[in-house]
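**Q** My structure is below; once you've seen it, I'll send some questions.
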Amino acid sequence: MRGWDAERVAREAGARLVAPASAGPGDRGPQRVVIDSRDAGPGDLFVGLPGVHADGGTFAAAALAAGAWGALASPEHAAAASGTAPGALLAAPDPLAALQRLATAWRQELGCAVIGITGSTGKTSTKDILRGMLEPYRRVVATEQNLNTEIGLPLTILGAPAGTEVLVLEMAMRGGGQIAELAAIARPDVGVVVNIGPVHLELLGSIEAIARTKAELLGALPAGGTAVVPAGEALLDPYARGDVITVTFGPGGDVDTLPERLTLPFDSAHMRLNALAALAAARAIGVEPAGAVRVALSRMRGQRIELGRDIVVINDCYNANPMSMRAALDDLAETARARRVAVLGDMLELGSQERTFHAQLGRHARTAGVELLVTVGPLAQAAAEAFGAGATALAGAADAARALPGLLRDGDTVLVKASRGVGLEVVAEALADAPGVQAERA
Ligand SMILES: Nc1ncnc2c1ncn2[C@@H]1O[C@H](COP(=O)(O)OP(=O)(O)O)[C@@H](O)[C@H]1O
Ligand SMILES: [Mg+2]
């Protein structure tokens with residue numbers, strides 16, 4: 001919010017200015033917002049949010065003492081911090097709402113294009129690819145890592161410097177109404193729904209209910225905005241709008257091929273699909289990307305590690321659901337040089353049909369040509385049973401980490417994937433450390 005003085009910041013946040021900024025007429029406003037007082041320093045506006053264990057507002061004085069431009073907290077905490085150190089002090093009864101209001105105001109001030117990305121799987125990857133496509137042409141600010149919630153999203157917006165031309169925002173949900181809330185803060189011109197799949201099924205009850213939550217992004221677009229949706233996704237049909245431009249991506253869609261002059265640092269089918277969605281979004285704001293797209297994919301999302309003895313580990317331990325498991329197995333089938341090995345752990349939060357989903361997973365592993373399947377966890381055991389001969393069911397990640405090095409042969413390609421809660425990265429680590437299969441030095 002460079003250029004906004006304390007009075008303006010308070011007004012936009014709907015907060016009361018308790019103490020003026022010491023900087024006076026030379027005040028150039030805060031540069032970014034932080035919610036952890038330990039990160040606060042010169043140029044920062046610290047916002048004290050109430051949390052589960054502690055109320056961030058109690059650290060308002062500490063943030064000011066650390067030289068922060070200012071602090072925003074509930075009236076009690078603002079009063080307690082008043083006079084302790086120089087800096088602006090703002091009071092609002094609901095600091096989170098104030099943070100969100102401020103983000104909307106700053107987004108309006110920037111007047112930039114805003115692209116929102118939601119979907120069941122592939123949001124972060126699509127966001128990272130889109131950032132890479134736009135960066136050579138526009139000043140872009142995109143969500144860092146996974147800061148995709150009602151807190152992370154406003155922080156991303158508020159961190160955008162003046163002159164930002166495009167905001168690329170990942171939007172996640174854990175329930176109905178949450179995407180609408182994020183969209184109300186960010187006011188996107190372009191909304192991308194990467195896909196609809198059985199993720200958070202336990203929470204939402206049905207695939208139709210999941211589609212409804214993703215479609216909140218489409219409902220929030222202004223007239224004349226652009227909706228980017230998967231080609232042939234009938235679940236989104238009820239939400240089609242006559243007053244927005246709809247662009248479909250994927251086989252049979254409006255954007256179904258990547259231009260030849262565009263090169264990407266990966267070639268798995270699902271990443272290419274994400275790239276098509278990103279391409280459609282880039283075009284929606286008038287950018288035609290070309291050349292080598294620089295993408296820094298976030299960690300543990302299909303990272304390939306070359307070990308000794310021609311063994312390759314695909315570390316995809318970041319998370320798993322039926323959709324991403326299927327995509328990862330297809331990728332394994334396509335890229336393995338010799339034997340296909342899959343170490344697959346539980347997929348969590350699938351609700352009453354969890355056994356069915358795991359049995360399907362086992363059958364899909366069989367069709368994908370997996371020869372050795374190691375399942376990890378009580379749910380994944382159903383995958384081992386459906387797979388039949390060649391499957392070993394283990395109880396936990398530590399067991400798999402112990403067993404795996406001894407099960408591998410030269411030339412194996414090993415997919416390691418499970419829900420985050422399983423912690424299956426210990427298997428990838430154990431393999432990288434195992435004598436005789438150590439990662440080759442670059
Ligand atoms: N379009 C897609 N379809 C299926 N699986 C995907 C897709 N994109 C990414 N994945 C897989 O899902 C995992 C999570 O990807 P990520 O981009 O972090 O998604 P999200 O942000 O939606 O959680 C990746 O490790 C990858 O295996
Ligand atoms: Mg994500």
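Convention: chains lettered A, B, ... in structure tokens order; per-chain residue numbering from 1; ligands numbered from 1 as shown.
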Can you tell me which residues surround A:Leu408 at a distance of at most 10 Å, considering only C-alpha atoms, apart from same-chain residues fewer than 4 positions away, and format the answer as a PDB file with all heavy atoms, in the first residue's frame?

**A**
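Saved the output as around37.pdb:
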```
ATOM      1  N   ARG A 309      22.103 -46.855 -10.009  1.00  0.00           N
ATOM      2  CA  ARG A 309      21.547 -48.086 -10.579  1.00  0.00           C
ATOM      3  C   ARG A 309      20.343 -47.834 -11.491  1.00  0.00           C
ATOM      4  O   ARG A 309      19.426 -48.654 -11.587  1.00  0.00           O
ATOM      5  CB  ARG A 309      21.156 -49.075  -9.473  1.00  0.00           C
ATOM      6  CG  ARG A 309      22.349 -49.600  -8.680  1.00  0.00           C
ATOM      7  CD  ARG A 309      21.926 -50.262  -7.375  1.00  0.00           C
ATOM      8  NE  ARG A 309      20.844 -51.211  -7.546  1.00  0.00           N
ATOM      9  CZ  ARG A 309      20.051 -51.633  -6.567  1.00  0.00           C
ATOM     10  NH1 ARG A 309      20.230 -51.192  -5.332  1.00  0.00           N
ATOM     11  NH2 ARG A 309      19.100 -52.497  -6.808  1.00  0.00           N
ATOM     12  N   ILE A 311      17.818 -46.148 -11.070  1.00  0.00           N
ATOM     13  CA  ILE A 311      16.526 -46.096 -10.377  1.00  0.00           C
ATOM     14  C   ILE A 311      16.053 -44.646 -10.325  1.00  0.00           C
ATOM     15  O   ILE A 311      16.827 -43.744 -10.032  1.00  0.00           O
ATOM     16  CB  ILE A 311      16.657 -46.669  -8.949  1.00  0.00           C
ATOM     17  CG1 ILE A 311      17.041 -48.154  -9.014  1.00  0.00           C
ATOM     18  CG2 ILE A 311      15.357 -46.488  -8.160  1.00  0.00           C
ATOM     19  CD1 ILE A 311      17.422 -48.760  -7.695  1.00  0.00           C
ATOM     20  N   ARG A 339      10.964 -51.632 -14.909  1.00  0.00           N
ATOM     21  CA  ARG A 339       9.860 -52.050 -14.043  1.00  0.00           C
ATOM     22  C   ARG A 339       9.169 -50.846 -13.376  1.00  0.00           C
ATOM     23  O   ARG A 339       9.814 -49.907 -12.934  1.00  0.00           O
ATOM     24  CB  ARG A 339      10.415 -52.986 -12.958  1.00  0.00           C
ATOM     25  CG  ARG A 339       9.327 -53.662 -12.151  1.00  0.00           C
ATOM     26  CD  ARG A 339       9.903 -54.758 -11.298  1.00  0.00           C
ATOM     27  NE  ARG A 339      10.666 -54.228 -10.167  1.00  0.00           N
ATOM     28  CZ  ARG A 339      10.705 -54.788  -8.960  1.00  0.00           C
ATOM     29  NH1 ARG A 339      10.031 -55.904  -8.739  1.00  0.00           N
ATOM     30  NH2 ARG A 339      11.434 -54.277  -7.999  1.00  0.00           N
ATOM     31  N   VAL A 341       7.133 -49.475 -10.298  1.00  0.00           N
ATOM     32  CA  VAL A 341       6.879 -49.748  -8.888  1.00  0.00           C
ATOM     33  C   VAL A 341       6.057 -48.595  -8.322  1.00  0.00           C
ATOM     34  O   VAL A 341       6.354 -47.436  -8.604  1.00  0.00           O
ATOM     35  CB  VAL A 341       8.216 -49.861  -8.107  1.00  0.00           C
ATOM     36  CG1 VAL A 341       7.967 -50.115  -6.624  1.00  0.00           C
ATOM     37  CG2 VAL A 341       9.092 -50.956  -8.706  1.00  0.00           C
ATOM     38  N   LEU A 372       5.130 -54.048  -9.148  1.00  0.00           N
ATOM     39  CA  LEU A 372       5.244 -54.175  -7.690  1.00  0.00           C
ATOM     40  C   LEU A 372       4.459 -53.034  -7.056  1.00  0.00           C
ATOM     41  O   LEU A 372       4.745 -51.861  -7.311  1.00  0.00           O
ATOM     42  CB  LEU A 372       6.716 -54.108  -7.269  1.00  0.00           C
ATOM     43  CG  LEU A 372       6.971 -54.010  -5.761  1.00  0.00           C
ATOM     44  CD1 LEU A 372       6.468 -55.240  -5.014  1.00  0.00           C
ATOM     45  CD2 LEU A 372       8.466 -53.809  -5.475  1.00  0.00           C
ATOM     46  N   ALA A 403      11.405 -51.163   4.311  1.00  0.00           N
ATOM     47  CA  ALA A 403      11.315 -52.281   3.367  1.00  0.00           C
ATOM     48  C   ALA A 403      11.767 -51.934   1.950  1.00  0.00           C
ATOM     49  O   ALA A 403      12.360 -52.770   1.261  1.00  0.00           O
ATOM     50  CB  ALA A 403       9.860 -52.781   3.314  1.00  0.00           C
ATOM     51  N   LEU A 404      11.495 -50.725   1.519  1.00  0.00           N
ATOM     52  CA  LEU A 404      11.664 -50.399   0.102  1.00  0.00           C
ATOM     53  C   LEU A 404      13.055 -50.602  -0.497  1.00  0.00           C
ATOM     54  O   LEU A 404      13.184 -51.217  -1.553  1.00  0.00           O
ATOM     55  CB  LEU A 404      11.166 -48.970  -0.161  1.00  0.00           C
ATOM     56  CG  LEU A 404       9.901 -48.877  -1.004  1.00  0.00           C
ATOM     57  CD1 LEU A 404      10.187 -49.242  -2.459  1.00  0.00           C
ATOM     58  CD2 LEU A 404       8.793 -49.787  -0.476  1.00  0.00           C
ATOM     59  N   ASP A 412      14.421 -49.614 -11.913  1.00  0.00           N
ATOM     60  CA  ASP A 412      13.038 -49.371 -11.482  1.00  0.00           C
ATOM     61  C   ASP A 412      12.670 -47.891 -11.522  1.00  0.00           C
ATOM     62  O   ASP A 412      13.492 -47.025 -11.223  1.00  0.00           O
ATOM     63  CB  ASP A 412      12.850 -49.829 -10.015  1.00  0.00           C
ATOM     64  CG  ASP A 412      12.667 -51.335  -9.894  1.00  0.00           C
ATOM     65  OD1 ASP A 412      12.538 -52.007 -10.933  1.00  0.00           O
ATOM     66  OD2 ASP A 412      12.646 -51.824  -8.739  1.00  0.00           O
ATOM     67  N   THR A 413      11.413 -47.616 -11.864  1.00  0.00           N
ATOM     68  CA  THR A 413      10.865 -46.275 -11.650  1.00  0.00           C
ATOM     69  C   THR A 413       9.821 -46.418 -10.551  1.00  0.00           C
ATOM     70  O   THR A 413       8.931 -47.261 -10.631  1.00  0.00           O
ATOM     71  CB  THR A 413      10.226 -45.712 -12.936  1.00  0.00           C
ATOM     72  OG1 THR A 413      11.248 -45.658 -13.941  1.00  0.00           O
ATOM     73  CG2 THR A 413       9.687 -44.305 -12.716  1.00  0.00           C
ATOM     74  N   VAL A 414       9.987 -45.623  -9.508  1.00  0.00           N
ATOM     75  CA  VAL A 414       9.192 -45.789  -8.293  1.00  0.00           C
ATOM     76  C   VAL A 414       8.351 -44.556  -8.014  1.00  0.00           C
ATOM     77  O   VAL A 414       8.885 -43.474  -7.741  1.00  0.00           O
ATOM     78  CB  VAL A 414      10.126 -46.010  -7.069  1.00  0.00           C
ATOM     79  CG1 VAL A 414       9.323 -46.452  -5.853  1.00  0.00           C
ATOM     80  CG2 VAL A 414      11.215 -47.004  -7.391  1.00  0.00           C
ATOM     81  N   LEU A 431      15.075 -43.998   0.352  1.00  0.00           N
ATOM     82  CA  LEU A 431      15.639 -44.504  -0.896  1.00  0.00           C
ATOM     83  C   LEU A 431      16.851 -43.687  -1.318  1.00  0.00           C
ATOM     84  O   LEU A 431      17.865 -44.235  -1.745  1.00  0.00           O
ATOM     85  CB  LEU A 431      14.579 -44.465  -2.011  1.00  0.00           C
ATOM     86  CG  LEU A 431      13.510 -45.542  -1.898  1.00  0.00           C
ATOM     87  CD1 LEU A 431      12.428 -45.332  -2.936  1.00  0.00           C
ATOM     88  CD2 LEU A 431      14.139 -46.927  -2.061  1.00  0.00           C
ATOM     89  N   VAL A 437      21.993 -47.044  -3.778  1.00  0.00           N
ATOM     90  CA  VAL A 437      21.015 -46.362  -4.618  1.00  0.00           C
ATOM     91  C   VAL A 437      21.041 -44.862  -4.352  1.00  0.00           C
ATOM     92  O   VAL A 437      20.052 -44.179  -4.503  1.00  0.00           O
ATOM     93  CB  VAL A 437      19.573 -46.893  -4.402  1.00  0.00           C
ATOM     94  CG1 VAL A 437      19.390 -48.238  -5.022  1.00  0.00           C
ATOM     95  CG2 VAL A 437      19.197 -46.898  -2.937  1.00  0.00           C
TER      96      VAL A 437
END
```

**Q** Can you pull out every residue within 10 Å of A:Asp256, counting only C-alpha atoms, but drop anything in the same chain fewer than 4 positions away, and send it as a PDB file with all heavy atoms, in the first residue's frame?

**A**
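Final output, out-v7.pdb:
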```pdb
ATOM      1  N   ALA A 231     -13.111 -28.657 -20.702  1.00  0.00           N
ATOM      2  CA  ALA A 231     -14.024 -29.033 -21.777  1.00  0.00           C
ATOM      3  C   ALA A 231     -14.811 -30.276 -21.357  1.00  0.00           C
ATOM      4  O   ALA A 231     -14.246 -31.206 -20.777  1.00  0.00           O
ATOM      5  CB  ALA A 231     -13.231 -29.321 -23.052  1.00  0.00           C
ATOM      6  N   THR A 248     -13.284 -23.063 -22.890  1.00  0.00           N
ATOM      7  CA  THR A 248     -13.031 -24.415 -22.391  1.00  0.00           C
ATOM      8  C   THR A 248     -11.622 -24.842 -22.785  1.00  0.00           C
ATOM      9  O   THR A 248     -11.093 -24.429 -23.803  1.00  0.00           O
ATOM     10  CB  THR A 248     -14.048 -25.420 -22.963  1.00  0.00           C
ATOM     11  OG1 THR A 248     -13.974 -25.395 -24.392  1.00  0.00           O
ATOM     12  CG2 THR A 248     -15.469 -25.059 -22.544  1.00  0.00           C
ATOM     13  N   PHE A 249     -11.014 -25.687 -21.936  1.00  0.00           N
ATOM     14  CA  PHE A 249      -9.662 -26.164 -22.244  1.00  0.00           C
ATOM     15  C   PHE A 249      -9.615 -27.686 -22.144  1.00  0.00           C
ATOM     16  O   PHE A 249     -10.448 -28.304 -21.495  1.00  0.00           O
ATOM     17  CB  PHE A 249      -8.627 -25.534 -21.292  1.00  0.00           C
ATOM     18  CG  PHE A 249      -8.743 -26.021 -19.873  1.00  0.00           C
ATOM     19  CD1 PHE A 249      -8.039 -27.135 -19.442  1.00  0.00           C
ATOM     20  CD2 PHE A 249      -9.579 -25.373 -18.973  1.00  0.00           C
ATOM     21  CE1 PHE A 249      -8.172 -27.606 -18.137  1.00  0.00           C
ATOM     22  CE2 PHE A 249      -9.709 -25.831 -17.667  1.00  0.00           C
ATOM     23  CZ  PHE A 249      -9.004 -26.950 -17.254  1.00  0.00           C
ATOM     24  N   GLY A 250      -8.632 -28.267 -22.796  1.00  0.00           N
ATOM     25  CA  GLY A 250      -8.479 -29.722 -22.788  1.00  0.00           C
ATOM     26  C   GLY A 250      -9.000 -30.302 -24.082  1.00  0.00           C
ATOM     27  O   GLY A 250      -9.535 -29.568 -24.928  1.00  0.00           O
ATOM     28  N   PRO A 251      -8.868 -31.630 -24.229  1.00  0.00           N
ATOM     29  CA  PRO A 251      -9.272 -32.272 -25.474  1.00  0.00           C
ATOM     30  C   PRO A 251     -10.694 -31.887 -25.881  1.00  0.00           C
ATOM     31  O   PRO A 251     -11.612 -31.971 -25.079  1.00  0.00           O
ATOM     32  CB  PRO A 251      -9.182 -33.770 -25.143  1.00  0.00           C
ATOM     33  CG  PRO A 251      -8.197 -33.843 -24.017  1.00  0.00           C
ATOM     34  CD  PRO A 251      -8.327 -32.568 -23.242  1.00  0.00           C
ATOM     35  N   GLY A 252     -10.851 -31.425 -27.116  1.00  0.00           N
ATOM     36  CA  GLY A 252     -12.168 -31.051 -27.613  1.00  0.00           C
ATOM     37  C   GLY A 252     -12.605 -29.651 -27.217  1.00  0.00           C
ATOM     38  O   GLY A 252     -13.696 -29.220 -27.573  1.00  0.00           O
ATOM     39  N   ARG A 272       0.225 -30.965 -18.609  1.00  0.00           N
ATOM     40  CA  ARG A 272      -0.103 -30.331 -19.889  1.00  0.00           C
ATOM     41  C   ARG A 272      -1.533 -29.781 -19.853  1.00  0.00           C
ATOM     42  O   ARG A 272      -1.815 -28.722 -20.395  1.00  0.00           O
ATOM     43  CB  ARG A 272       0.063 -31.321 -21.045  1.00  0.00           C
ATOM     44  CG  ARG A 272       1.509 -31.738 -21.260  1.00  0.00           C
ATOM     45  CD  ARG A 272       1.669 -32.640 -22.462  1.00  0.00           C
ATOM     46  NE  ARG A 272       1.556 -31.911 -23.720  1.00  0.00           N
ATOM     47  CZ  ARG A 272       2.553 -31.210 -24.266  1.00  0.00           C
ATOM     48  NH1 ARG A 272       3.726 -31.151 -23.664  1.00  0.00           N
ATOM     49  NH2 ARG A 272       2.384 -30.586 -25.390  1.00  0.00           N
ATOM     50  N   LEU A 273      -2.403 -30.513 -19.172  1.00  0.00           N
ATOM     51  CA  LEU A 273      -3.779 -30.039 -19.015  1.00  0.00           C
ATOM     52  C   LEU A 273      -3.796 -28.739 -18.200  1.00  0.00           C
ATOM     53  O   LEU A 273      -4.481 -27.766 -18.551  1.00  0.00           O
ATOM     54  CB  LEU A 273      -4.582 -31.138 -18.305  1.00  0.00           C
ATOM     55  CG  LEU A 273      -6.061 -31.284 -18.594  1.00  0.00           C
ATOM     56  CD1 LEU A 273      -6.356 -31.291 -20.079  1.00  0.00           C
ATOM     57  CD2 LEU A 273      -6.587 -32.564 -17.950  1.00  0.00           C
ATOM     58  N   LEU A 276      -2.748 -25.965 -20.360  1.00  0.00           N
ATOM     59  CA  LEU A 276      -3.799 -25.478 -21.257  1.00  0.00           C
ATOM     60  C   LEU A 276      -4.732 -24.507 -20.529  1.00  0.00           C
ATOM     61  O   LEU A 276      -5.138 -23.482 -21.082  1.00  0.00           O
ATOM     62  CB  LEU A 276      -4.612 -26.655 -21.826  1.00  0.00           C
ATOM     63  CG  LEU A 276      -3.885 -27.546 -22.844  1.00  0.00           C
ATOM     64  CD1 LEU A 276      -4.754 -28.750 -23.208  1.00  0.00           C
ATOM     65  CD2 LEU A 276      -3.511 -26.765 -24.105  1.00  0.00           C
ATOM     66  N   ALA A 277      -5.056 -24.837 -19.285  1.00  0.00           N
ATOM     67  CA  ALA A 277      -5.894 -23.938 -18.483  1.00  0.00           C
ATOM     68  C   ALA A 277      -5.176 -22.604 -18.290  1.00  0.00           C
ATOM     69  O   ALA A 277      -5.771 -21.525 -18.427  1.00  0.00           O
ATOM     70  CB  ALA A 277      -6.216 -24.580 -17.129  1.00  0.00           C
ATOM     71  N   LEU A 279      -2.859 -21.335 -20.201  1.00  0.00           N
ATOM     72  CA  LEU A 279      -2.791 -20.655 -21.496  1.00  0.00           C
ATOM     73  C   LEU A 279      -4.102 -19.907 -21.786  1.00  0.00           C
ATOM     74  O   LEU A 279      -4.090 -18.746 -22.221  1.00  0.00           O
ATOM     75  CB  LEU A 279      -2.503 -21.685 -22.599  1.00  0.00           C
ATOM     76  CG  LEU A 279      -2.449 -21.179 -24.037  1.00  0.00           C
ATOM     77  CD1 LEU A 279      -1.342 -20.151 -24.225  1.00  0.00           C
ATOM     78  CD2 LEU A 279      -2.243 -22.348 -25.010  1.00  0.00           C
ATOM     79  N   ALA A 280      -5.208 -20.568 -21.504  1.00  0.00           N
ATOM     80  CA  ALA A 280      -6.513 -19.932 -21.723  1.00  0.00           C
ATOM     81  C   ALA A 280      -6.635 -18.670 -20.867  1.00  0.00           C
ATOM     82  O   ALA A 280      -7.139 -17.643 -21.319  1.00  0.00           O
ATOM     83  CB  ALA A 280      -7.635 -20.911 -21.399  1.00  0.00           C
TER      84      ALA A 280
END
```

**Q** Identify which of the residues A:Ala284, A:Arg241, A:Asp410, A:Ala234 lies closest to A:Val255, counting only C-alpha atoms when measuring atom-to-atom distances.

**A**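 Going through A:Ala284, A:Arg241, A:Asp410, A:Ala234 one by one, the smallest distance to A:Val255 is for A:Ala284.
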
**Q** Have a look at A:Glu385, A:Asp5, A:Glu150, A:Glu170 and name the one nearest to ligand 2; count only C-alpha atoms and all ligand atoms.

**A**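 Between A:Glu385, A:Asp5, A:Glu150, A:Glu170, the residue approaching ligand 2 most closely is A:Glu170.
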
**Q** Pick out each residue of stretch 231-293 of chain A that DSSP on the backbone tags as strand (DSSP E or B); I need them as a list in words.

**A**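 The strand (DSSP E or B) subset of stretch 231-293 of chain A is Ile245, Thr246, Val247, Thr248, Phe249, Val255, Leu262, Thr263, Gly291 and Ala292 of chain A.
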
**Q** Neighbours of ligand 1 within 7 Å, counting only C-alpha atoms and all ligand atoms, as a PyMOL selection string?

**A** chain A and resi 119-126+146+194-195+270-271+273-274+300-302+316-320+323-325+327-328

**Q** How would the residues just chosen look if you wrote them out with N, CA and C atoms as a PDB file, in the first residue's frame?

**A**
```
ATOM      1  N   GLY A 119     -10.300 -25.338  -8.030  1.00  0.00           N
ATOM      2  CA  GLY A 119     -10.392 -26.680  -8.607  1.00  0.00           C
ATOM      3  C   GLY A 119     -10.035 -27.705  -7.547  1.00  0.00           C
ATOM      4  N   SER A 120     -10.266 -28.975  -7.883  1.00  0.00           N
ATOM      5  CA  SER A 120     -10.017 -30.019  -6.887  1.00  0.00           C
ATOM      6  C   SER A 120      -8.546 -30.376  -6.794  1.00  0.00           C
ATOM      7  N   THR A 121      -7.850 -30.406  -7.915  1.00  0.00           N
ATOM      8  CA  THR A 121      -6.450 -30.820  -7.955  1.00  0.00           C
ATOM      9  C   THR A 121      -5.711 -30.017  -9.018  1.00  0.00           C
ATOM     10  N   GLY A 122      -4.539 -29.559  -8.679  1.00  0.00           N
ATOM     11  CA  GLY A 122      -3.734 -28.872  -9.691  1.00  0.00           C
ATOM     12  C   GLY A 122      -3.794 -27.352  -9.630  1.00  0.00           C
ATOM     13  N   LYS A 123      -4.372 -26.803  -8.559  1.00  0.00           N
ATOM     14  CA  LYS A 123      -4.456 -25.341  -8.442  1.00  0.00           C
ATOM     15  C   LYS A 123      -3.066 -24.709  -8.371  1.00  0.00           C
ATOM     16  N   THR A 124      -2.259 -25.224  -7.454  1.00  0.00           N
ATOM     17  CA  THR A 124      -0.928 -24.634  -7.265  1.00  0.00           C
ATOM     18  C   THR A 124      -0.093 -24.789  -8.533  1.00  0.00           C
ATOM     19  N   SER A 125      -0.152 -25.960  -9.160  1.00  0.00           N
ATOM     20  CA  SER A 125       0.631 -26.181 -10.377  1.00  0.00           C
ATOM     21  C   SER A 125       0.186 -25.227 -11.482  1.00  0.00           C
ATOM     22  N   THR A 126      -1.131 -25.080 -11.658  1.00  0.00           N
ATOM     23  CA  THR A 126      -1.651 -24.195 -12.696  1.00  0.00           C
ATOM     24  C   THR A 126      -1.236 -22.748 -12.420  1.00  0.00           C
ATOM     25  N   ASN A 146       1.180 -22.008  -1.016  1.00  0.00           N
ATOM     26  CA  ASN A 146      -0.210 -22.430  -0.884  1.00  0.00           C
ATOM     27  C   ASN A 146      -1.016 -21.426  -0.061  1.00  0.00           C
ATOM     28  N   VAL A 194      -9.911 -25.597 -12.494  1.00  0.00           N
ATOM     29  CA  VAL A 194      -8.994 -26.566 -13.104  1.00  0.00           C
ATOM     30  C   VAL A 194      -9.701 -27.901 -13.343  1.00  0.00           C
ATOM     31  N   ASN A 195     -10.481 -28.339 -12.384  1.00  0.00           N
ATOM     32  CA  ASN A 195     -11.220 -29.600 -12.516  1.00  0.00           C
ATOM     33  C   ASN A 195     -12.157 -29.771 -11.324  1.00  0.00           C
ATOM     34  N   HIS A 270      -1.201 -34.642 -17.092  1.00  0.00           N
ATOM     35  CA  HIS A 270      -1.989 -33.744 -16.234  1.00  0.00           C
ATOM     36  C   HIS A 270      -1.365 -32.355 -16.148  1.00  0.00           C
ATOM     37  N   MET A 271      -0.038 -32.290 -16.224  1.00  0.00           N
ATOM     38  CA  MET A 271       0.591 -30.969 -16.210  1.00  0.00           C
ATOM     39  C   MET A 271       0.322 -30.237 -17.529  1.00  0.00           C
ATOM     40  N   LEU A 273      -2.403 -30.513 -19.172  1.00  0.00           N
ATOM     41  CA  LEU A 273      -3.779 -30.039 -19.015  1.00  0.00           C
ATOM     42  C   LEU A 273      -3.796 -28.739 -18.200  1.00  0.00           C
ATOM     43  N   ASN A 274      -3.020 -28.734 -17.118  1.00  0.00           N
ATOM     44  CA  ASN A 274      -2.916 -27.511 -16.317  1.00  0.00           C
ATOM     45  C   ASN A 274      -2.367 -26.369 -17.167  1.00  0.00           C
ATOM     46  N   MET A 300       7.664 -31.675  -3.920  1.00  0.00           N
ATOM     47  CA  MET A 300       6.962 -32.952  -3.727  1.00  0.00           C
ATOM     48  C   MET A 300       5.746 -33.111  -4.639  1.00  0.00           C
ATOM     49  N   ARG A 301       5.721 -32.381  -5.757  1.00  0.00           N
ATOM     50  CA  ARG A 301       4.618 -32.535  -6.710  1.00  0.00           C
ATOM     51  C   ARG A 301       5.175 -33.185  -7.968  1.00  0.00           C
ATOM     52  N   GLY A 302       5.508 -34.439  -7.842  1.00  0.00           N
ATOM     53  CA  GLY A 302       5.978 -35.163  -9.007  1.00  0.00           C
ATOM     54  C   GLY A 302       7.455 -34.922  -9.311  1.00  0.00           C
ATOM     55  N   ASP A 316       5.955 -37.744  -5.135  1.00  0.00           N
ATOM     56  CA  ASP A 316       4.689 -37.024  -5.278  1.00  0.00           C
ATOM     57  C   ASP A 316       3.925 -37.108  -3.953  1.00  0.00           C
ATOM     58  N   CYS A 317       4.684 -36.917  -2.861  1.00  0.00           N
ATOM     59  CA  CYS A 317       4.122 -37.130  -1.520  1.00  0.00           C
ATOM     60  C   CYS A 317       3.354 -35.951  -0.996  1.00  0.00           C
ATOM     61  N   TYR A 318       3.246 -34.894  -1.796  1.00  0.00           N
ATOM     62  CA  TYR A 318       2.621 -33.689  -1.272  1.00  0.00           C
ATOM     63  C   TYR A 318       1.180 -33.966  -0.852  1.00  0.00           C
ATOM     64  N   ASN A 319       0.480 -34.717  -1.686  1.00  0.00           N
ATOM     65  CA  ASN A 319      -0.902 -35.044  -1.352  1.00  0.00           C
ATOM     66  C   ASN A 319      -1.447 -36.062  -2.337  1.00  0.00           C
ATOM     67  N   ALA A 320      -2.635 -36.589  -2.069  1.00  0.00           N
ATOM     68  CA  ALA A 320      -3.214 -37.548  -3.002  1.00  0.00           C
ATOM     69  C   ALA A 320      -4.723 -37.606  -2.855  1.00  0.00           C
ATOM     70  N   MET A 323      -8.188 -38.529  -8.118  1.00  0.00           N
ATOM     71  CA  MET A 323      -7.800 -37.896  -9.388  1.00  0.00           C
ATOM     72  C   MET A 323      -6.296 -37.837  -9.588  1.00  0.00           C
ATOM     73  N   SER A 324      -5.609 -37.352  -8.553  1.00  0.00           N
ATOM     74  CA  SER A 324      -4.173 -37.151  -8.728  1.00  0.00           C
ATOM     75  C   SER A 324      -3.439 -38.491  -8.701  1.00  0.00           C
ATOM     76  N   MET A 325      -3.985 -39.496  -8.005  1.00  0.00           N
ATOM     77  CA  MET A 325      -3.384 -40.832  -8.011  1.00  0.00           C
ATOM     78  C   MET A 325      -3.421 -41.419  -9.428  1.00  0.00           C
ATOM     79  N   ALA A 327      -3.711 -39.783 -12.245  1.00  0.00           N
ATOM     80  CA  ALA A 327      -2.807 -39.020 -13.123  1.00  0.00           C
ATOM     81  C   ALA A 327      -1.361 -39.463 -12.904  1.00  0.00           C
ATOM     82  N   ALA A 328      -0.997 -39.679 -11.649  1.00  0.00           N
ATOM     83  CA  ALA A 328       0.386 -40.052 -11.344  1.00  0.00           C
ATOM     84  C   ALA A 328       0.700 -41.453 -11.860  1.00  0.00           C
TER      85      ALA A 328
END
```

**Q** Would you work out the distance separating atom CA of A:Leu236 from atom CA of A:Glu144, expressed in Å to one decimal?

**A**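 Between atom CA of A:Leu236 and atom CA of A:Glu144 the gap works out to 27.9 Å.
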
**Q** As a PyMOL selection string, please: the residues near A:Asp243 (cut-off 9 Å, only C-alpha atoms, same-chain neighbours under 6 positions excluded).

**A** chain A and resi 222-225

**Q** For A:Glu354, please output as a ChimeraX atom specification all residues within 10 Å (counting only C-alpha atoms; exclusion window: fewer than 4 positions along the same chain).

**A** /A:201-202,322,346-350,358-360,379-380,382

**Q** Using only C-alpha atoms, which of the listed residues (A:Pro75, A:Gly87, A:Gly51, A:Gly345) sits closest to A:Ala63?

**A**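 Closest candidate: A:Gly87.
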
**Q** Please report the interatomic distance between atom CA of A:Asp254 and atom CA of A:Gly242 in Å with one decimal.

**A**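 For atom CA of A:Asp254 relative to atom CA of A:Gly242, the distance reads 17.0 Å.
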
**Q** Would you kindly return, as a list in words, each protein, DNA or RNA residue with an atom no farther than 6 Å from any atom of stretch 177-192 of chain A, considering only C-alpha atoms and excluding same-chain residues fewer than 4 positions away?

**A**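 Close residues of stretch 177-192 of chain A: Thr104, Val114, Ile115, Gly116, Ile117, Met173, Glu216, Leu221, Gly225, Thr226, Ala227 and Val228 of chain A.
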